[in-house]
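A short write-up of the structure that comes next.
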2 protein chains.
Amino acid sequence: MTNQLAAVPHDRTHFRPHQYLAREAEKPAAIYRIDEGWAYRFRLLSDGRRQITALFLPGDYCEPQWALGHAPTQPIMALTNVRATLLPVGMRSERTLIHERGLRNALAASLERQTNWLVTLGRCTALERIAHLLCEIYERLRRSGLTYGQQCAMPLTQMDMADITGLTAVHVNRTLQAMRSRNLIDLHSRWLRIPDLAALRRSACWA
Amino acid sequence: MTNQLAAVPHDRTHFRPHQYLAREAEKPAAIYRIDEGWAYRFRLLSDGRRQITALFLPGDYCEPQWALGHAPTQPIMALTNVRATLLPVGMRSERTLIHERGLRNALAASLERQTNWLVTLGRCTALERIAHLLCEIYERLRRSGLTYGQQCAMPLTQMDMADITGLTAVHVNRTLQAMRSRNLIDLHSRWLRIPDLAALRRSACWA
DNA sequence: CGAATCGTTGAGCGAGGTCAAGAAAAGTGG
DNA sequence: CCACTTTTCTTGACCTCGCTCAACGATTCG
């Protein structure tokens, strides 16, 4: 059905959960702009350990760094259904592409988030890590108008959260319960409510 | 034409250990090219926890991401005496600067290293983290011709290593001893010798 | 030479991991 | 709509890797 896909008004595409948006070392034809759904970048170690190294939410580019002319070194996978718009990197020169203000800003933002996660993974407790994760997701979604009052979607499983925060799923579970009992979060059936965002931010160790 | 930066008037500067190359939120006047010496980017938490989030070795740009037009979010400090060349970001447009191939490549390399460290901090043991650190330093120095056989400089204190690897200085010490006794490293008085680089790389968990 | 800084070692502890099992959701096909 | 399977969540018991605290050498440097 490649033809059908190519026939679709040409620059949109779709991925199902667990489908690859990009594979390691395989130069992608395009940068995606995520219109809907979540995806993540990760690395799998030979013994099965997994670390998620980036989240892509609606409105994000995936990935700005491809405009620098290097192949991805980690695969990217859809977490939910994903609809995306293609921005071909081949057609326009990389020089032109990296000029796009949106792309430059996205690259800078992604770099900064990544640097923050180095601090969190290196120096923060389990509760601080999860608080950081939930705050970051909520605030990124809010900037895209995808929050509803104090609530937002949370399609990550506890195992996904574990692989982002460098913990185990069991410990994520216990920590979430601790946070629930302190009224820091209200998390049920893929839906997050944050009763007091300031309090949650404070428990994330650098506000 | 080939090297636009070469056309820029070259100002050179110097920093002593513990001197700031850049402060948080203070837009730097220039990107440095490190000619000699080491520096690091870090964040200090309010309770004194420190995480080092990047190392700058001779030949590195510090930092390529400033060409994206954002102020640094973490300070940068000299570890040793540092001699650097200034590449003014203000004079030529950012557009021109980010075109510079060397800068683009440096940015991509720094991004990739950072992503690798997310994996290491999230999922690796103490020995794997330190092995990763030592391998990375050795190989970066080797590419710059700063290794001598299996040896290279290692000005980092054990506390510095701890703050890179997300461990404590005491545990770094014990882990280094374990590595010494396994003949993975030979580390004395700021000097590192790697008897078997392949073996060290293997113990760093993703070869 | 003294004063910092850095490295080393020991004893005890605790945050988070491991293993296991069962409960609750969520998907799947009839 | 209902069985059935699979995934996710939850809880308990136990363990271990790395942390804390403290003291003492070893270097480095003024």
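Ordering of the structure tokens sets the chain letters (A, B, ...); residue numbers start at 1 within each chain; ligands are numbered from 1 in the order shown.
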
Over all C-alpha pairs taken in order, what is the RMSD once chain A has been least-squares superposed onto chain B?
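When all C-alpha atoms are superposed, the deviation is 4.8 Å.
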
Which of chain B end up as alpha helix (DSSP H) when DSSP is run on this backbone - answer as an NGL selection string?
:B and (4-7 or 94-99 or 101-123 or 126-143 or 158-165 or 169-181 or 197-202)

Separation of atom CA of Leu167 of chain B from atom CA of Tyr40 of chain A, in Å and rounded to one decimal:
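Computed distance, atom CA of Leu167 of chain B to atom CA of Tyr40 of chain A, equals 26.9 Å.
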
Could you name the residues that touch segment 176-179 of chain A at 12 Å or less, counting only C-alpha atoms (C1' of nucleotides), but leaving out those on the same chain fewer than 6 positions away, as a VMD selection string?
(chain A and resid 126 to 131 133 to 134 157 to 158 161 to 162 169 to 170 185 to 188 192 194 to 196 199 to 200 203 to 204) or (chain D and resid 9 to 11)

Distance limit 9 Å, atoms considered: only C-alpha atoms (C1' of nucleotides). Which chain C residues sit that close to chain A? Return them as an NGL selection string.
:C and (15-17 or 25)

I'd like a table as JSON lines: residues in chain B with an atom no more than 6 Å from chain A, each row giving the shortest atom pair and its distance in Å to one decimal, only C-alpha atoms counted, sorted by chain and rising residue number.
{"residue": "B:Gln51", "atom": "CA", "partner": "A:Val119", "partner_atom": "CA", "distance": 5.5}
{"residue": "B:Leu118", "atom": "CA", "partner": "A:Leu118", "partner_atom": "CA", "distance": 6.0}
{"residue": "B:Val119", "atom": "CA", "partner": "A:Gln51", "partner_atom": "CA", "distance": 5.5}
{"residue": "B:Leu121", "atom": "CA", "partner": "A:Leu121", "partner_atom": "CA", "distance": 5.8}
{"residue": "B:Gly122", "atom": "CA", "partner": "A:Gly166", "partner_atom": "CA", "distance": 4.0}
{"residue": "B:Arg123", "atom": "CA", "partner": "A:Gly166", "partner_atom": "CA", "distance": 5.9}
{"residue": "B:Gly166", "atom": "CA", "partner": "A:Gly122", "partner_atom": "CA", "distance": 4.0}

Expected file: the selected residues, all heavy atoms, as an mmCIF file, in the first residue's frame:
data_model
loop_
_atom_site.group_PDB
_atom_site.id
_atom_site.type_symbol
_atom_site.label_atom_id
_atom_site.label_comp_id
_atom_site.auth_asym_id
_atom_site.auth_seq_id
_atom_site.Cartn_x
_atom_site.Cartn_y
_atom_site.Cartn_z
ATOM 1 N N GLN B 51 26.004 18.415 39.814
ATOM 2 C CA GLN B 51 26.098 17.484 38.696
ATOM 3 C C GLN B 51 26.826 18.175 37.565
ATOM 4 O O GLN B 51 26.447 19.268 37.141
ATOM 5 C CB GLN B 51 24.708 17.022 38.226
ATOM 6 C CG GLN B 51 24.731 16.082 37.032
ATOM 7 C CD GLN B 51 25.336 14.712 37.341
ATOM 8 O OE1 GLN B 51 25.182 14.206 38.438
ATOM 9 N NE2 GLN B 51 26.025 14.132 36.369
ATOM 10 N N LEU B 118 22.760 10.057 29.354
ATOM 11 C CA LEU B 118 21.446 9.783 29.933
ATOM 12 C C LEU B 118 21.289 8.283 30.159
ATOM 13 O O LEU B 118 20.798 7.836 31.200
ATOM 14 C CB LEU B 118 20.330 10.274 29.006
ATOM 15 C CG LEU B 118 20.127 11.782 28.924
ATOM 16 C CD1 LEU B 118 19.058 12.113 27.889
ATOM 17 C CD2 LEU B 118 19.709 12.332 30.286
ATOM 18 N N VAL B 119 21.739 7.502 29.185
ATOM 19 C CA VAL B 119 21.649 6.050 29.314
ATOM 20 C C VAL B 119 22.522 5.567 30.466
ATOM 21 O O VAL B 119 22.098 4.775 31.314
ATOM 22 C CB VAL B 119 22.069 5.368 27.997
ATOM 23 C CG1 VAL B 119 22.023 3.853 28.142
ATOM 24 C CG2 VAL B 119 21.192 5.833 26.848
ATOM 25 N N LEU B 121 23.715 7.233 33.094
ATOM 26 C CA LEU B 121 23.252 7.656 34.418
ATOM 27 C C LEU B 121 21.978 6.917 34.811
ATOM 28 O O LEU B 121 21.763 6.616 35.984
ATOM 29 C CB LEU B 121 23.002 9.170 34.432
ATOM 30 C CG LEU B 121 24.262 10.032 34.360
ATOM 31 C CD1 LEU B 121 23.902 11.498 34.312
ATOM 32 C CD2 LEU B 121 25.162 9.753 35.560
ATOM 33 N N GLY B 122 21.139 6.633 33.820
ATOM 34 C CA GLY B 122 19.869 5.994 34.145
ATOM 35 C C GLY B 122 19.988 4.506 34.395
ATOM 36 O O GLY B 122 19.275 3.955 35.227
ATOM 37 N N ARG B 123 20.901 3.854 33.693
ATOM 38 C CA ARG B 123 20.863 2.394 33.688
ATOM 39 C C ARG B 123 22.153 1.661 33.984
ATOM 40 O O ARG B 123 22.173 0.426 33.918
ATOM 41 C CB ARG B 123 20.334 1.918 32.323
ATOM 42 C CG ARG B 123 18.850 2.206 32.098
ATOM 43 C CD ARG B 123 18.007 1.445 33.086
ATOM 44 N NE ARG B 123 16.570 1.672 32.985
ATOM 45 C CZ ARG B 123 15.784 1.741 34.068
ATOM 46 N NH1 ARG B 123 16.283 1.632 35.269
ATOM 47 N NH2 ARG B 123 14.484 1.915 33.920
ATOM 48 N N GLY B 166 27.383 10.766 38.798
ATOM 49 C CA GLY B 166 26.237 10.683 39.702
ATOM 50 C C GLY B 166 26.488 9.774 40.894
ATOM 51 O O GLY B 166 25.558 9.178 41.429
#

For the atom pair atom CA of Pro75 of chain A and atom CA of Gly59 of chain A, what is the interatomic distance in Å to one decimal place?
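Between atom CA of Pro75 of chain A and atom CA of Gly59 of chain A the gap is 19.6 Å.
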
Using only C-alpha atoms (C1' of nucleotides), find each residue in chain D having at least one atom no more than 10 Å away from chain B; report its shortest atom-to-atom pair and that distance in Å (one decimal), rows by chain then rising number, as a Markdown table.
| residue | atom | partner | partner_atom | distance |
| --- | --- | --- | --- | --- |
| D:DC17 | C1' | B:Thr125 | CA | 8.6 |
| D:DG18 | C1' | B:His171 | CA | 6.8 |
| D:DC19 | C1' | B:Thr168 | CA | 7.3 |
| D:DT20 | C1' | B:Val170 | CA | 9.8 |
| D:DT27 | C1' | B:Ser189 | CA | 8.9 |

Among the residues of chain B, find those DSSP assigns to strand (DSSP E) from the backbone and print them as a ChimeraX atom specification.
/B:11-15,20-22,30-36,39-44,50-56,61-62,76-78,82-88,151-153,186-188,191-193

Name all residues at most 12 Å from DG30 of chain D (count only C-alpha atoms (C1' of nucleotides); drop same-chain ones fewer than 3 positions away) and give them as a VMD selection string.
chain C and resid 1 to 4

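Atom CA of Asn173 of chain A sits 21.3 Å away from atom CA of Thr80 of chain A.
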
Could you name the residues that touch DC19 of chain C at 10 Å or less, counting only C-alpha atoms (C1' of nucleotides), but leaving out those on the same chain fewer than 2 positions away, as a ChimeraX atom specification?
/C:17,21 /D:13-14

Atoms to include: N, CA and C atoms (P, O5', C5', C4', C3', O3' and C1' of nucleotides). Write the selected residues as a PDB file, in the first residue's frame.
ATOM      1  P    DG C  17      15.587   1.355  41.557  1.00  0.00           P
ATOM      2  O5'  DG C  17      16.095  -0.105  41.924  1.00  0.00           O
ATOM      3  C5'  DG C  17      17.491  -0.366  41.867  1.00  0.00           C
ATOM      4  C4'  DG C  17      17.747  -1.850  42.043  1.00  0.00           C
ATOM      5  C3'  DG C  17      16.976  -2.750  41.078  1.00  0.00           C
ATOM      6  O3'  DG C  17      17.827  -3.805  40.629  1.00  0.00           O
ATOM      7  C1'  DG C  17      16.379  -3.280  43.317  1.00  0.00           C
ATOM      8  P    DA C  21       5.713 -17.489  43.004  1.00  0.00           P
ATOM      9  O5'  DA C  21       4.283 -16.958  43.450  1.00  0.00           O
ATOM     10  C5'  DA C  21       4.116 -16.345  44.727  1.00  0.00           C
ATOM     11  C4'  DA C  21       2.977 -15.369  44.642  1.00  0.00           C
ATOM     12  C3'  DA C  21       1.834 -15.847  43.743  1.00  0.00           C
ATOM     13  O3'  DA C  21       0.623 -15.835  44.453  1.00  0.00           O
ATOM     14  C1'  DA C  21       2.445 -13.625  43.236  1.00  0.00           C
TER      15       DA C  21
ATOM     16  P    DA D  13       5.537  -9.280  54.539  1.00  0.00           P
ATOM     17  O5'  DA D  13       6.844  -9.988  53.947  1.00  0.00           O
ATOM     18  C5'  DA D  13       6.712 -11.101  53.063  1.00  0.00           C
ATOM     19  C4'  DA D  13       8.094 -11.569  52.673  1.00  0.00           C
ATOM     20  C3'  DA D  13       9.173 -11.294  53.734  1.00  0.00           C
ATOM     21  O3'  DA D  13      10.088 -12.379  53.762  1.00  0.00           O
ATOM     22  C1'  DA D  13       9.716 -10.155  51.741  1.00  0.00           C
ATOM     23  P    DC D  14      11.309 -12.347  54.801  1.00  0.00           P
ATOM     24  O5'  DC D  14      12.536 -11.967  53.855  1.00  0.00           O
ATOM     25  C5'  DC D  14      12.720 -12.691  52.638  1.00  0.00           C
ATOM     26  C4'  DC D  14      13.765 -11.993  51.813  1.00  0.00           C
ATOM     27  C3'  DC D  14      15.039 -11.612  52.575  1.00  0.00           C
ATOM     28  O3'  DC D  14      16.122 -12.252  51.929  1.00  0.00           O
ATOM     29  C1'  DC D  14      14.293  -9.841  51.201  1.00  0.00           C
TER      30       DC D  14
END

Using only C-alpha atoms, pick whichever of A:Asp160, A:Met77, A:Asp60, A:Ser181 has the shortest atom-to-atom distance to Arg143 of chain A.
A:Asp60
